[in-house]
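Shown below: start00.cif, with mmCIF, C-alpha atoms and all ligand atoms.
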data_protein
#
loop_
_atom_site.label_atom_id
_atom_site.label_comp_id
_atom_site.auth_asym_id
_atom_site.auth_seq_id
_atom_site.Cartn_x
_atom_site.Cartn_y
_atom_site.Cartn_z
CA MET A 233 104.55 97.26 70.02
CA PRO A 234 101.15 99.03 69.94
CA ASP A 235 98.69 97.65 72.47
CA ALA A 236 96.26 96.55 69.78
CA LEU A 237 98.83 94.12 68.36
CA ASP A 238 99.51 92.41 71.71
CA ALA A 239 98.21 88.87 71.92
CA PRO A 240 94.94 88.82 73.89
CA VAL A 241 95.38 87.72 77.50
CA ASP A 242 94.05 84.26 78.29
CA ALA A 243 92.30 84.10 81.65
CA THR A 244 91.19 80.48 81.28
CA PRO A 245 90.08 78.82 83.63
CA TYR A 246 88.83 82.03 85.27
CA ASP A 247 85.59 83.65 84.16
CA ALA A 248 85.42 86.63 86.55
CA LEU A 249 87.62 88.91 88.66
CA LEU A 250 86.38 90.02 92.08
CA LEU A 251 87.71 93.28 93.53
CA LEU A 252 87.39 92.65 97.26
CA SER A 253 87.76 95.63 99.56
CA PHE A 254 87.12 96.94 103.05
CA GLY A 255 84.17 99.22 102.34
CA GLY A 256 83.38 102.50 104.04
CA PRO A 257 80.43 104.77 104.89
CA GLU A 258 78.93 106.97 102.18
CA GLY A 259 77.15 109.44 104.48
CA PRO A 260 76.67 110.35 108.16
CA ASP A 261 73.91 107.78 108.73
CA ASP A 262 76.24 105.00 107.59
CA VAL A 263 79.04 105.70 110.08
CA VAL A 264 77.80 103.89 113.18
CA PRO A 265 76.42 100.81 111.37
CA PHE A 266 79.67 100.61 109.38
CA LEU A 267 81.75 100.67 112.56
CA GLU A 268 79.48 98.01 114.05
CA ASN A 269 80.15 95.82 111.01
CA VAL A 270 83.91 96.32 111.27
CA THR A 271 84.21 95.69 114.96
CA ALA A 272 81.59 93.01 115.58
CA GLY A 273 83.06 90.78 118.30
CA ARG A 274 86.56 92.22 117.95
CA GLY A 275 86.87 93.80 121.40
CA ILE A 276 87.62 97.38 120.37
CA PRO A 277 87.20 99.80 123.31
CA ARG A 278 84.11 102.08 123.09
CA GLU A 279 86.30 105.18 123.40
CA ARG A 280 88.31 104.16 120.34
CA LEU A 281 85.09 103.65 118.34
CA LYS A 282 83.80 107.10 119.31
CA GLU A 283 87.13 108.57 118.26
CA VAL A 284 87.15 106.76 114.90
CA GLY A 285 83.51 107.78 114.30
CA ARG A 286 84.64 111.38 114.81
CA HIS A 287 87.24 110.97 112.03
CA TYR A 288 84.50 109.94 109.59
CA PHE A 289 82.14 112.73 110.69
CA LEU A 290 84.95 115.26 110.09
CA PHE A 291 84.79 114.17 106.45
CA GLY A 292 80.99 114.43 106.21
CA GLY A 293 80.55 110.77 107.12
CA VAL A 294 82.03 109.74 103.79
CA SER A 295 85.04 107.47 103.49
CA PRO A 296 87.10 108.10 100.38
CA ILE A 297 87.58 104.36 99.88
CA ASN A 298 84.48 103.62 97.78
CA ALA A 299 85.16 106.36 95.22
CA GLN A 300 88.75 105.10 95.03
CA ASN A 301 87.57 101.56 94.37
CA ARG A 302 85.23 102.83 91.64
CA GLU A 303 88.23 104.52 90.02
CA LEU A 304 90.24 101.32 90.29
CA LEU A 305 87.38 99.37 88.69
CA ASP A 306 87.38 101.84 85.78
CA ALA A 307 91.16 101.56 85.43
CA LEU A 308 91.01 97.75 85.47
CA ARG A 309 88.21 97.58 82.92
CA GLU A 310 89.99 100.04 80.65
CA ASP A 311 93.28 98.15 80.87
CA PHE A 312 91.65 94.77 80.33
CA ALA A 313 89.73 96.02 77.28
CA LYS A 314 92.87 97.55 75.78
CA HIS A 315 94.78 94.30 76.16
CA GLY A 316 92.14 91.87 75.04
CA LEU A 317 91.54 90.43 78.48
CA ASP A 318 87.89 89.43 78.38
CA LEU A 319 87.15 89.07 82.08
CA PRO A 320 84.21 90.77 83.81
CA VAL A 321 85.19 92.65 86.97
CA TYR A 322 82.90 92.62 90.02
CA TRP A 323 83.28 94.57 93.26
CA GLY A 324 82.32 93.54 96.79
CA ASN A 325 83.26 94.76 100.28
CA ARG A 326 83.70 93.18 103.69
CA ASN A 327 82.05 95.95 105.71
CA TRP A 328 79.76 98.05 103.55
CA ALA A 329 77.70 98.02 100.37
CA PRO A 330 78.22 96.64 97.83
CA TYR A 331 78.50 93.71 100.22
CA LEU A 332 80.61 90.72 99.23
CA THR A 333 77.74 88.23 99.61
CA ASP A 334 75.45 90.27 97.32
CA THR A 335 78.22 90.52 94.74
CA LEU A 336 79.00 86.80 94.81
CA ARG A 337 75.28 86.11 94.42
CA ALA A 338 75.34 88.18 91.22
CA VAL A 339 78.51 86.42 90.09
CA ALA A 340 76.81 83.05 90.53
CA ARG A 341 73.57 84.18 88.86
CA ASP A 342 75.58 85.50 85.90
CA GLY A 343 76.86 81.97 85.47
CA HIS A 344 80.48 82.39 86.56
CA ARG A 345 82.12 79.37 88.20
CA ARG A 346 85.82 80.23 88.62
CA VAL A 347 86.48 83.55 90.29
CA LEU A 348 89.85 85.16 90.93
CA THR A 349 90.03 87.71 93.77
CA LEU A 350 92.03 90.91 93.98
CA ALA A 351 91.97 92.17 97.58
CA THR A 352 92.85 95.82 98.20
CA SER A 353 95.54 94.72 100.61
CA ALA A 354 99.03 93.94 99.34
CA TYR A 355 100.67 92.18 102.29
CA ALA A 356 100.32 89.12 104.48
CA SER A 357 98.60 89.29 107.91
CA TYR A 358 95.37 88.14 109.50
CA SER A 359 93.65 91.51 108.86
CA GLY A 360 95.11 91.93 105.39
CA CYS A 361 94.65 88.41 104.07
CA ARG A 362 93.02 85.66 106.12
CA GLN A 363 90.17 87.87 107.31
CA TYR A 364 89.25 88.52 103.66
CA ARG A 365 89.42 84.76 103.06
CA GLU A 366 87.10 84.17 106.05
CA ASN A 367 84.62 86.66 104.61
CA LEU A 368 84.80 84.82 101.28
CA ALA A 369 84.06 81.52 103.06
CA ASP A 370 81.06 83.10 104.86
CA ALA A 371 79.69 84.52 101.61
CA LEU A 372 80.10 81.22 99.76
CA ALA A 373 78.35 79.41 102.62
CA ALA A 374 75.44 81.85 102.31
CA LEU A 375 75.15 81.06 98.59
CA ALA A 376 75.17 77.34 99.34
CA ASP A 377 72.40 77.84 101.93
CA GLU A 378 70.31 79.63 99.31
CA GLY A 379 70.77 76.73 96.89
CA LEU A 380 72.76 78.86 94.45
CA PRO A 381 75.66 77.38 92.52
CA VAL A 382 78.82 78.06 94.52
CA PRO A 383 81.71 79.38 92.40
CA ARG A 384 85.25 78.26 93.13
CA VAL A 385 87.16 81.28 94.40
CA ASP A 386 90.93 81.81 94.31
CA LYS A 387 92.93 84.82 95.45
CA LEU A 388 95.84 86.53 93.69
CA ARG A 389 99.23 86.30 95.37
CA HIS A 390 100.34 89.20 97.56
CA TYR A 391 101.48 91.95 95.23
CA PHE A 392 103.46 94.12 97.68
CA ASN A 393 106.67 93.61 95.68
CA HIS A 394 105.18 93.72 92.18
CA PRO A 395 106.78 96.55 90.16
CA GLY A 396 103.31 97.85 89.25
CA PHE A 397 102.65 98.42 92.96
CA VAL A 398 106.12 99.63 94.01
CA LEU A 399 107.25 101.86 91.12
CA PRO A 400 104.27 104.26 91.28
CA MET A 401 105.20 104.80 94.93
CA VAL A 402 108.78 105.67 93.97
CA ASP A 403 107.25 108.49 91.92
CA THR A 404 104.98 109.64 94.74
CA VAL A 405 107.90 109.72 97.19
CA LEU A 406 109.91 111.79 94.69
CA ALA A 407 106.89 114.11 94.29
CA ALA A 408 106.59 114.47 98.07
CA LEU A 409 110.31 115.30 98.35
CA ALA A 410 109.82 117.95 95.66
CA GLU A 411 107.03 119.52 97.75
CA LEU A 412 109.39 120.13 100.67
CA PRO A 413 111.16 123.49 100.94
CA ALA A 414 114.42 123.28 98.92
CA ASP A 415 116.65 124.04 101.91
CA VAL A 416 115.46 121.00 103.91
CA ARG A 417 114.84 118.58 101.03
CA ASP A 418 118.19 116.78 100.91
CA GLY A 419 118.15 116.25 104.67
CA ALA A 420 114.66 114.74 104.66
CA HIS A 421 113.96 111.45 106.39
CA ILE A 422 111.48 109.04 104.79
CA ALA A 423 108.97 107.50 107.22
CA PHE A 424 107.37 104.52 105.50
CA THR A 425 104.09 103.81 107.27
CA THR A 426 101.69 100.93 107.52
CA HIS A 427 98.78 99.85 109.70
CA SER A 428 99.90 98.79 113.15
CA ILE A 429 98.66 95.32 114.12
CA PRO A 430 99.08 93.35 117.36
CA THR A 431 102.67 92.05 117.58
CA SER A 432 101.20 88.56 118.05
CA ALA A 433 99.45 88.87 114.67
CA ALA A 434 102.63 90.20 113.03
CA ASP A 435 104.81 87.42 114.44
CA THR A 436 102.50 84.72 113.00
CA SER A 437 101.86 86.43 109.64
CA GLY A 438 102.53 84.56 106.41
CA PRO A 439 104.41 81.31 106.33
CA VAL A 440 106.62 82.16 109.32
CA GLU A 441 109.68 80.20 108.15
CA GLY A 442 112.52 82.52 107.28
CA HIS A 443 111.06 85.59 108.95
CA GLY A 444 112.12 86.93 112.32
CA ASP A 445 110.08 88.96 114.79
CA GLY A 446 107.21 90.66 112.97
CA GLY A 447 106.77 87.70 110.60
CA ALA A 448 106.07 88.14 106.90
CA TYR A 449 104.11 91.36 107.56
CA VAL A 450 107.11 93.34 108.79
CA ALA A 451 109.61 91.62 106.46
CA GLU A 452 107.50 92.43 103.39
CA HIS A 453 107.14 96.09 104.33
CA LEU A 454 110.87 96.39 105.05
CA ASP A 455 111.61 94.88 101.64
CA VAL A 456 109.35 97.36 99.81
CA ALA A 457 110.72 100.28 101.81
CA ALA A 458 114.30 99.30 100.94
CA VAL A 459 113.46 99.05 97.22
CA ILE A 460 111.79 102.48 97.20
CA ALA A 461 114.59 104.10 99.22
CA GLU A 462 117.20 102.72 96.81
CA ALA A 463 115.23 103.89 93.74
CA VAL A 464 114.91 107.35 95.31
CA ARG A 465 118.67 107.40 95.92
CA GLU A 466 119.29 106.53 92.29
CA ALA A 467 116.89 109.23 91.10
CA THR A 468 118.09 112.04 93.40
CA GLY A 469 121.68 111.12 94.22
CA VAL A 470 120.76 111.63 97.89
CA ASP A 471 120.78 108.79 100.40
CA HIS A 472 117.73 109.67 102.51
CA PRO A 473 117.63 107.90 105.87
CA TRP A 474 114.39 105.94 106.37
CA LYS A 475 112.45 103.84 108.84
CA LEU A 476 109.33 101.66 108.83
CA VAL A 477 106.82 103.05 111.34
CA TYR A 478 103.17 102.41 112.16
CA GLN A 479 99.84 104.20 112.29
CA SER A 480 96.14 103.71 113.08
CA ARG A 481 96.68 101.64 116.24
CA SER A 482 93.46 100.23 117.66
CA GLY A 483 92.66 97.61 120.30
CA ALA A 484 93.09 97.60 124.07
CA PRO A 485 96.10 99.57 125.39
CA HIS A 486 97.58 96.62 127.34
CA ILE A 487 97.97 94.49 124.19
CA PRO A 488 101.28 95.16 122.40
CA TRP A 489 100.97 96.46 118.82
CA LEU A 490 103.73 97.28 116.32
CA GLU A 491 105.58 100.51 117.15
CA PRO A 492 106.73 103.27 116.85
CA ASP A 493 103.64 105.23 115.95
CA ILE A 494 104.16 107.86 113.23
CA CYS A 495 103.41 110.73 115.64
CA ASP A 496 105.97 109.54 118.20
CA HIS A 497 108.40 109.00 115.37
CA LEU A 498 107.94 112.59 114.12
CA GLU A 499 108.75 113.81 117.65
CA ALA A 500 111.84 111.62 117.84
CA GLU A 501 113.11 112.73 114.42
CA HIS A 502 112.49 116.36 115.27
CA ALA A 503 114.34 115.96 118.57
CA ALA A 504 117.25 114.35 116.72
CA GLY A 505 117.53 117.38 114.43
CA THR A 506 115.97 115.93 111.27
CA PRO A 507 114.92 118.96 109.17
CA ALA A 508 111.97 117.39 107.29
CA VAL A 509 110.05 114.14 106.86
CA VAL A 510 108.26 112.47 103.97
CA MET A 511 105.46 110.16 105.12
CA ALA A 512 104.96 107.31 102.65
CA PRO A 513 101.98 105.02 103.43
CA ILE A 514 103.25 101.92 101.63
CA GLY A 515 100.91 99.69 103.66
CA PHE A 516 97.81 100.93 101.83
CA VAL A 517 96.46 100.65 98.32
CA SER A 518 94.54 103.96 98.23
CA ASP A 519 94.40 107.27 100.10
CA HIS A 520 91.49 106.14 102.26
CA MET A 521 90.53 107.33 105.72
CA GLU A 522 93.57 105.90 107.52
CA VAL A 523 95.67 108.11 105.22
CA LYS A 524 93.40 111.17 105.13
CA TYR A 525 92.85 111.27 108.88
CA ASP A 526 95.76 109.52 110.56
CA LEU A 527 98.44 111.05 108.35
CA ASP A 528 97.01 114.14 106.63
CA THR A 529 95.13 115.34 109.71
CA GLU A 530 96.61 113.91 112.90
CA ALA A 531 100.28 113.44 111.96
CA ALA A 532 100.27 116.67 109.95
CA ALA A 533 98.99 118.52 113.06
CA LYS A 534 101.75 116.95 115.16
CA ALA A 535 104.35 118.08 112.59
CA ALA A 536 102.92 121.61 112.55
CA GLU A 537 103.09 121.74 116.34
CA LEU A 538 106.75 120.69 116.16
CA GLY A 539 107.49 123.10 113.32
CA LEU A 540 108.69 120.13 111.27
CA PRO A 541 108.12 120.36 107.50
CA VAL A 542 106.38 117.20 106.23
CA ALA A 543 105.01 116.01 102.92
CA ARG A 544 102.90 112.93 102.31
CA ALA A 545 103.50 110.55 99.41
CA GLY A 546 100.52 109.12 97.56
CA THR A 547 99.42 105.51 97.43
CA VAL A 548 99.12 103.56 94.18
CA GLY A 549 95.34 104.12 93.86
CA ALA A 550 94.10 103.71 90.27
CA ASP A 551 97.53 104.22 88.68
CA PRO A 552 97.47 102.62 85.19
CA ARG A 553 100.68 100.74 86.11
CA PHE A 554 98.81 99.08 88.96
CA ALA A 555 95.93 98.13 86.66
CA ALA A 556 98.50 96.65 84.26
CA ALA A 557 100.09 94.74 87.15
CA VAL A 558 96.71 93.23 88.02
CA ARG A 559 96.31 92.10 84.42
CA GLU A 560 99.79 90.54 84.55
CA LEU A 561 98.97 88.81 87.83
CA VAL A 562 95.72 87.45 86.36
CA ALA A 563 97.56 86.12 83.29
CA GLU A 564 100.28 84.64 85.52
CA ARG A 565 97.86 82.87 87.83
CA ALA A 566 95.65 81.64 84.99
CA ALA A 567 98.70 80.12 83.26
CA ALA A 568 99.79 78.51 86.53
CA GLU A 569 96.31 77.01 86.95
CA ARG A 570 96.54 75.61 83.43
CA GLY A 571 99.83 73.97 84.37
CA GLU A 572 101.90 76.18 82.07
CA PRO A 573 105.28 77.60 83.04
CA VAL A 574 105.07 81.17 84.35
CA ALA A 575 107.47 84.04 85.01
CA ARG A 576 106.65 85.74 88.29
CA CYS A 577 107.65 89.38 88.52
CA ALA A 578 108.91 90.71 91.88
CA LEU A 579 111.29 93.41 93.13
CA GLY A 580 113.31 93.24 96.35
CA ALA A 581 114.87 90.33 98.17
CA LEU A 582 111.87 88.21 99.15
CA GLY A 583 110.74 86.99 95.74
CA PRO A 584 107.18 86.39 94.59
CA SER A 585 104.69 85.36 97.26
CA HIS A 586 102.88 81.99 97.19
CA ASP A 587 99.82 81.60 94.92
CA VAL A 588 97.82 79.74 97.57
CA CYS A 589 98.08 80.45 101.30
CA PRO A 590 99.43 77.36 103.07
CA VAL A 591 97.69 75.71 106.01
CA GLY A 592 97.88 77.86 109.14
CA CYS A 593 99.02 81.00 107.28
CA CYS A 594 98.19 84.20 109.27
CA PRO A 595 96.13 82.30 111.87
CA ALA A 596 93.01 83.77 113.48
CA ARG A 597 92.69 83.98 117.28
CA THR A 598 89.72 81.65 116.96
CA PRO A 599 89.91 79.31 113.97
CA ARG A 600 87.15 79.88 111.38
CA PRO A 601 86.57 78.59 107.86
CA ALA A 602 88.55 80.45 105.21
CA ALA A 603 88.23 80.12 101.42
CA ALA A 604 90.92 80.43 98.72
CA GLY A 605 93.68 78.73 100.69
CA ARG A 606 94.93 75.25 101.56
CA ASP A 607 92.90 75.21 104.79
C1 LIG B 701 96.34 95.56 108.39
C2 LIG B 701 95.14 96.45 108.25
C3 LIG B 701 94.75 97.14 107.11
C4 LIG B 701 95.47 97.15 105.78
C5 LIG B 701 94.99 96.04 104.89
C6 LIG B 701 93.61 96.28 104.35
O1 LIG B 701 93.39 97.33 103.73
O2 LIG B 701 92.74 95.44 104.57
C7 LIG B 701 93.53 97.84 107.43
C8 LIG B 701 92.81 98.64 106.54
C9 LIG B 701 91.68 99.40 106.82
N1 LIG B 701 91.09 99.58 108.03
C10 LIG B 701 89.99 100.41 107.88
C11 LIG B 701 89.12 100.79 108.89
C12 LIG B 701 89.12 100.29 110.18
N2 LIG B 701 89.99 99.36 110.72
C13 LIG B 701 89.68 99.11 112.05
C14 LIG B 701 90.32 98.22 112.90
C15 LIG B 701 91.48 97.45 112.63
N3 LIG B 701 92.19 97.44 111.46
C16 LIG B 701 93.25 96.53 111.56
C17 LIG B 701 94.20 96.24 110.57
C18 LIG B 701 94.16 96.73 109.27
N4 LIG B 701 93.21 97.59 108.75
C19 LIG B 701 93.18 95.95 112.87
C20 LIG B 701 94.11 94.89 113.40
C21 LIG B 701 92.10 96.53 113.53
C22 LIG B 701 91.61 96.23 114.92
C23 LIG B 701 90.34 95.46 114.93
C24 LIG B 701 90.43 94.10 114.31
O3 LIG B 701 91.23 93.28 114.76
O4 LIG B 701 89.66 93.89 113.34
C25 LIG B 701 88.52 99.88 112.37
C26 LIG B 701 87.80 99.88 113.70
C27 LIG B 701 88.08 101.13 114.43
C28 LIG B 701 89.55 101.21 114.82
O5 LIG B 701 89.85 100.59 115.83
O6 LIG B 701 90.31 101.85 114.13
C29 LIG B 701 88.18 100.62 111.22
C30 LIG B 701 87.07 101.62 111.06
C31 LIG B 701 89.87 100.76 106.48
C32 LIG B 701 88.77 101.63 105.86
C33 LIG B 701 89.28 103.04 105.71
C34 LIG B 701 88.24 103.93 105.15
O7 LIG B 701 87.07 103.90 105.57
O8 LIG B 701 88.58 104.73 104.26
C35 LIG B 701 90.91 100.13 105.84
C36 LIG B 701 91.22 100.16 104.36
FE FE B 702 91.83 98.72 109.82
#

Can you turn what I pasted into structure tokens?
Amino acid sequence: MPDALDAPVDATPYDALLLLSFGGPEGPDDVVPFLENVTAGRGIPRERLKEVGRHYFLFGGVSPINAQNRELLDALREDFAKHGLDLPVYWGNRNWAPYLTDTLRAVARDGHRRVLTLATSAYASYSGCRQYRENLADALAALADEGLPVPRVDKLRHYFNHPGFVLPMVDTVLAALAELPADVRDGAHIAFTTHSIPTSAADTSGPVEGHGDGGAYVAEHLDVAAVIAEAVREATGVDHPWKLVYQSRSGAPHIPWLEPDICDHLEAEHAAGTPAVVMAPIGFVSDHMEVKYDLDTEAAAKAAELGLPVARAGTVGADPRFAAAVRELVAERAAAERGEPVARCALGALGPSHDVCPVGCCPARTPRPAAAGRD
């Protein structure tokens, strides 16, 4: 059926969508203050901060993440308009302008009272979910202090296993395989990557029931990786071996974080005789700095040193299928809030994630107020 004949999407009771992201520097002068925002009170060693600052300076002090969020905003607005979803879309970041608090102030001044949040993080974990909810609570508290009306803010369920997030990545993995020299392509290993986090944070991520070591964070990534690997097998007729590995480790060296690191993994695969590797950063929503530096620069240099052919798969970014998935998630959540029956779309074995984070989900080291959840 042509788009124009689709029934308009009903977002009631919501009157605004908030795109909530990490933020990144937009020039050399922004780099140090940005890193100070990110790491305030988080105990990151000075050496690590200098190193990460160097990554940004290598790219002119500009993180790709803001341009990518602007593209996603355009894609969302275009999709919503096409499908009769009349919902204004706002954008705010945790760590750089446009800052979340400023955006929520505008949301409140524009008269919106029920806000649904799309975070640019698809999985459970303290860093990927609760920390965003803490920032929402801080911003709402600031509005209350200023005597502004405080909107009620909800957050969309984790979309890691939504087809609109997963299927574009099947295509990017196929495209990466096609970039490899023909004689090593069928033997290629797929290294699915995500952000390393402390093992203690992984083990307590999500509602922990039903998940083993690594908690919901690792289980969700393994589920997505298995779905993509199976779809690639169906498309190519080749059963590519794969593994979930980690990147972008931070923190003090004596604290255990998820391993193996992608660079160590490339060495191990090379030593085992693997002829080529596709790196697929399923843990991220766009090709931001963790992808451009940690994979395209650092891991690519490691592969070159080993003489190991590698190709990197793209993230979902502003893919129209992802924008459509967001619209579906908005419609789904709005219907649920209205008490109507809803069909929840999800691939893989885990099923759709909860709408509202339960009490104690992805706990912080030091408890702090968090919005958009049961606690
Ligand atoms: C799970 C996760 C995601 C994925 C979910 C999501 O997307 O939210 C993510 C995304 C991102 N992380 C980013 C940047 C940074 N993360 C850092 C530090 C940390 N990340 C952590 C975890 C995650 N991070 C953790 C446990 C730390 C240690 C400190 C702490 O416990 O808070 C630091 C400090 C320096 C360093 O140590 O690396 C920086 C600069 C950018 C922006 C990139 C750009 O500019 O393009 C993005 C999208
Ligand atoms: Fe990070």

Closest-contact table, chain A side, partner ligand LIG 701 (chain B), 8 Å, counting all atoms listed in the file, as CSV:
residue,atom,partner,partner_atom,distance
A:Ser253,CA,B:LIG701,O2,7.1
A:Phe254,CA,B:LIG701,C36,5.4
A:Gly255,CA,B:LIG701,C32,6.3
A:Gly256,CA,B:LIG701,O7,4.2
A:Pro257,CA,B:LIG701,O7,6.7
A:Phe266,CA,B:LIG701,C30,7.7
A:Leu267,CA,B:LIG701,C30,5.6
A:Val270,CA,B:LIG701,C26,5.8
A:Thr271,CA,B:LIG701,C26,5.7
A:Arg274,CA,B:LIG701,C24,5.6
A:Gly275,CA,B:LIG701,C23,7.5
A:Ile276,CA,B:LIG701,O5,6.0
A:Pro277,CA,B:LIG701,O5,8.0
A:Arg280,CA,B:LIG701,O5,6.0
A:Leu281,CA,B:LIG701,C27,5.5
A:Val284,CA,B:LIG701,C27,5.7
A:Gly285,CA,B:LIG701,C30,7.8
A:Tyr288,CA,B:LIG701,O7,7.7
A:Val294,CA,B:LIG701,O7,7.9
A:Ser295,CA,B:LIG701,O8,4.5
A:Pro296,CA,B:LIG701,O8,5.3
A:Ile297,CA,B:LIG701,O8,4.5
A:Asn298,CA,B:LIG701,O8,7.7
A:Ala351,CA,B:LIG701,O2,7.8
A:Thr352,CA,B:LIG701,O1,5.8
A:Ser353,CA,B:LIG701,C6,4.5
A:Ala354,CA,B:LIG701,C5,7.2
A:Tyr355,CA,B:LIG701,C5,7.3
A:Ser357,CA,B:LIG701,C1,6.7
A:Tyr358,CA,B:LIG701,C1,7.6
A:Ser359,CA,B:LIG701,C1,4.9
A:Gly360,CA,B:LIG701,C5,4.1
A:Cys361,CA,B:LIG701,O2,7.3
A:Tyr364,CA,B:LIG701,O2,7.8
A:Thr426,CA,B:LIG701,C4,7.5
A:His427,CA,B:LIG701,C1,5.1
A:Ser428,CA,B:LIG701,C17,6.8
A:Ile429,CA,B:LIG701,C20,4.6
A:Pro430,CA,B:LIG701,C20,6.5
A:Ser480,CA,B:LIG701,O6,6.2
A:Arg481,CA,B:LIG701,O6,6.7
A:Ser482,CA,B:LIG701,O5,4.1
A:Gly483,CA,B:LIG701,C22,5.7
A:Gly515,CA,B:LIG701,C4,6.4
A:Phe516,CA,B:LIG701,C4,5.9
A:Val517,CA,B:LIG701,O1,7.1
A:Ser518,CA,B:LIG701,C36,7.9
A:Asp519,CA,B:LIG701,O8,7.6
A:His520,CA,B:LIG701,O8,3.8
A:Met521,CA,B:LIG701,O8,3.6
A:Glu522,CA,B:LIG701,C33,5.5
A:Val523,CA,B:LIG701,O8,7.9

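The closest residue to Ala557 (chain A), picked from A:Arg302, A:Arg384, A:His344, A:Arg389 and counting all atoms listed in the file, is A:Arg389.
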
inquiry  = What's around Trp474 (chain A) at 6 Å? Count only C-alpha atoms, leave out sequence neighbours fewer than 5 positions away in its own chain, and write the answer as a PyMOL selection string.
reply    = chain A and resi 421-423

ask   = Expressed in Å to a single decimal, how great is the separation between CA of Asp445 (chain A) and CA of Gly583 (chain A)?
value =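 Between CA of Asp445 (chain A) and CA of Gly583 (chain A) the gap is 19.2 Å.
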
Within 10 Å of file point (99.0, 96.5, 83.4), counting all atoms listed in the file, expressed as number ranges by chain = A: 307-308, 311-312, 314-315, 396, 551-561

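Checking A:Pro573, A:Pro488, A:His453, A:Ala563 one by one against Ala239 (chain A), counting only C-alpha atoms, you find the shortest gap at A:Ala563.
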
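Comparing the minimum interatomic distances between Asp306 (chain A) and each of A:Ala550, A:Ala504, A:Val405, A:Ala356, counting all atoms listed in the file, we find that A:Ala550 sits nearest.
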
key: Test item: residues at most 12 Å from Val562 (chain A), only C-alpha atoms, excluding those fewer than 5 positions along its chain, as a ChimeraX atom specification   = /A:241-250,308,312,317-319,321,347-350,386-389,391,555-557,567-569,574,576,587

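Around Met401 (chain A), within 8 Å and counting only C-alpha atoms, the residues found are Ile460, Ile514, Ala545, Gly546, Thr547 and Val548 of chain A, once anything fewer than 6 positions away on its own chain is removed.
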
Could you take the residues named above and write them with C-alpha atoms, as a compact mmCIF listing (two decimals), in the frame of the given file?
# COMPACT_ATOMS: atom_id res chain seq x y z
CA ILE A 460 111.79 102.48 97.20
CA ILE A 514 103.25 101.92 101.63
CA ALA A 545 103.50 110.55 99.41
CA GLY A 546 100.52 109.12 97.56
CA THR A 547 99.42 105.51 97.43
CA VAL A 548 99.12 103.56 94.18

ask   = How many Å separate CA of His390 (chain A) from CA of Leu454 (chain A)?
value = 14.8 Å

Specify the axis-aligned box that encloses all atoms of region 399-410 of chain A listed in the file after padding of 3 Å on each side, stating its centre and edge lengths in Å to one decimal as lines of an AutoDock Vina configuration file.
center_x = 107.3
center_y = 109.9
center_z = 94.7
size_x = 12.0
size_y = 22.1
size_z = 13.2

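When only C-alpha atoms and all ligand atoms are used to measure the gap to ligand FE 702 (chain B), the shortest distance among A:Ala451, A:Gly469, A:Gly316, A:Asp526 belongs to A:Asp526.
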
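Take the candidates A:Thr468, A:Asn393, A:Ser437, A:Thr431 and check each one against Arg417 (chain A) using only C-alpha atoms; the shortest distance goes to A:Thr468.
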